[in-house]
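What follows is a set of notes on a single structure, which appears directly below.
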Amino acid sequence: MSDTSSHAEPPAIRLDGVTKRFGGVMAVDNVTLEIEEGEFFSLLGPSGCGKTTTLRILAGFETPDEGSVYLRGEDVTLVQPNRRATNMVFQNYELFPHMTVFNNVAYGLKLKKVPKREITHRVNEMLEVVGVGGLGKRAADQLSGGQQQRVALARALINRPAVLLLDEPLSALDVKLRKRMQLELKSIQETLGTTFVYVTHDQEEALLMSDRVGIMDQGVLLQVAAPRTIYEQPADDFVADFVGTLNELTLRIENLDGTRGLVATTDRERIWIDVPGGCSIGQTVRLAVRPEALKITPLERWDGATDLSYVDGSVSDVIYLGPFTQFLIESDRLGRVVSQQVSDATAAAIRPGMQVIVSWHPDTAFMLAGPAV
């Protein structure tokens, strides 16, 4: 897949037809990609999809079998890692346990023989930026997981790399701390303006933090887009299913009205489908709707809105999730579908066994490729 455009200045990163094999396994398959200066870019995909190998190629730890790697317009395909304007933050942070926080962060500057006064100024400044300004004298092995993550980030950023590469750096943290660090990491990136390339398998994390996301599977870059586009306009079935959850509906077109297909026309059922050219009456299609797009209305309060798609059903289960509530609905037309709503008074009034109308705006549904089964 290609994601290129013209630039007055070269992008921070450009991968041009990069391919990497390990024996008979295709780890990265002809990836072409551009990442802009100052962008927070995430590579997202399941384990073994090629995202970490791609990151290691950017870092110089792996050499592609084919293709080229450019940093700010310079071909660095064969340049050693220590000679690239990149730094990497690993999952396990790799701090020196016998050193203080200050000395961990200062280590790279000392190797470069930066003057002592400048080292002190830059290290203290960076520790403040990442939120551990008062911990410079503490030993690295006395830190919490979140503090270690911040120190590892400071050590990677202290040399002012053109690009910071992050390989699932939050994966070892507990859920609450991880969510807080996601926001802080994005804030740090925006403050410094450094280009971040972030590898994760966590869909929510990628959507929350990124300016753009690249979805990978089996070494192939399937889609590159802003988080909203990835979620609402997935390029294919894999992206649609991998990012978030969805209800897959198998429906037979019973009538056509211009560019819309129609399924059912009773008082309790009417489904509009935006169909591509070539669809015909009697054709079976696969439609996807996100759980949050499905609204629930008790049957006695339904007003029969004709601009929506809707079906009747019965609530089989209610699952309270704090800020959100999930409803499982059994429908003769759709089978079992899941709706997710904000946990407000309206949601609290819906109980198992209640007869309801499930409705959604036709624009919130999208077609899935491939034959219906």
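Naming works like this for the structure tokens: A, B, ... for the chains as they're shown, residue 1 at the start of each chain, ligands 1 onward in shown order.
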
Please build the interface table for segment 219-278 of chain A against segment 299-320 of chain A with a cut-off of 12 Å, listing for each qualifying residue the nearest atom pair and the distance in Å to one decimal; count only C-alpha atoms, order rows by chain and increasing number, and write it as JSON lines.
{"residue": "A:Arg260", "atom": "CA", "partner": "A:Ser309", "partner_atom": "CA", "distance": 11.7}
{"residue": "A:Gly261", "atom": "CA", "partner": "A:Ser309", "partner_atom": "CA", "distance": 11.3}
{"residue": "A:Leu262", "atom": "CA", "partner": "A:Ser309", "partner_atom": "CA", "distance": 9.4}
{"residue": "A:Val263", "atom": "CA", "partner": "A:Ser309", "partner_atom": "CA", "distance": 9.2}
{"residue": "A:Ala264", "atom": "CA", "partner": "A:Val311", "partner_atom": "CA", "distance": 9.0}
{"residue": "A:Thr265", "atom": "CA", "partner": "A:Val311", "partner_atom": "CA", "distance": 10.1}
{"residue": "A:Thr266", "atom": "CA", "partner": "A:Val311", "partner_atom": "CA", "distance": 9.3}
{"residue": "A:Asp267", "atom": "CA", "partner": "A:Gly304", "partner_atom": "CA", "distance": 7.2}
{"residue": "A:Arg268", "atom": "CA", "partner": "A:Asp312", "partner_atom": "CA", "distance": 5.6}
{"residue": "A:Glu269", "atom": "CA", "partner": "A:Val311", "partner_atom": "CA", "distance": 4.3}
{"residue": "A:Arg270", "atom": "CA", "partner": "A:Tyr310", "partner_atom": "CA", "distance": 5.4}
{"residue": "A:Ile271", "atom": "CA", "partner": "A:Ser309", "partner_atom": "CA", "distance": 4.3}
{"residue": "A:Trp272", "atom": "CA", "partner": "A:Ser309", "partner_atom": "CA", "distance": 5.6}
{"residue": "A:Ile273", "atom": "CA", "partner": "A:Ser309", "partner_atom": "CA", "distance": 8.5}
{"residue": "A:Asp274", "atom": "CA", "partner": "A:Ser309", "partner_atom": "CA", "distance": 11.3}

Checklist entry - If you count only C-alpha atoms, which residues fall within 9 Å of Arg160 of chain A, apart from same-chain ones fewer than 6 positions away, as a PyMOL selection string? => result chain A and resi 85-87+194

Checklist entry - Where does DSSP see helix (DSSP H, G or I) in segment 58-302 of chain A, if you list the residues as number ranges by chain? => result A: 58-59, 81-83, 101-111, 116-129, 140-142, 145-157, 175-192, 203-209, 227-232, 237-242, 291-293, 299-301

Next on the checklist: Need the shell around segment 222-229 of chain A: protein/DNA/RNA residues with any atom at most 12 Å away, counting only C-alpha atoms. Skip same-chain ones fewer than 4 positions apart. Format as an MDAnalysis selection string?
Outcome noted: chainID A and resid 1:4 28:35 39:45 49:51 203:218 233:240 242:244

Item to check | Every residue of segment 251-324 of chain A that DSSP places in strand (DSSP E), as a ChimeraX atom specification | outcome: /A:251-252,255-257,260-266,269-274,284-289,295-298,309-320,324

Item to check | Residue neighbourhood segment 337-351 of chain A, 10 Å, only C-alpha atoms, exclusion window fewer than 2 positions, as a PyMOL selection string | outcome: chain A and resi 245-249+289-298+313-331+334-335+353-356+358-359

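When atom CA of Glu190 of chain A is paired with atom CA of Leu177 of chain A, their separation reads 20.0 Å.
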
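Rounded to one decimal, atom CA of Leu143 of chain A and atom CA of Asp174 of chain A lie 14.9 Å from each other.
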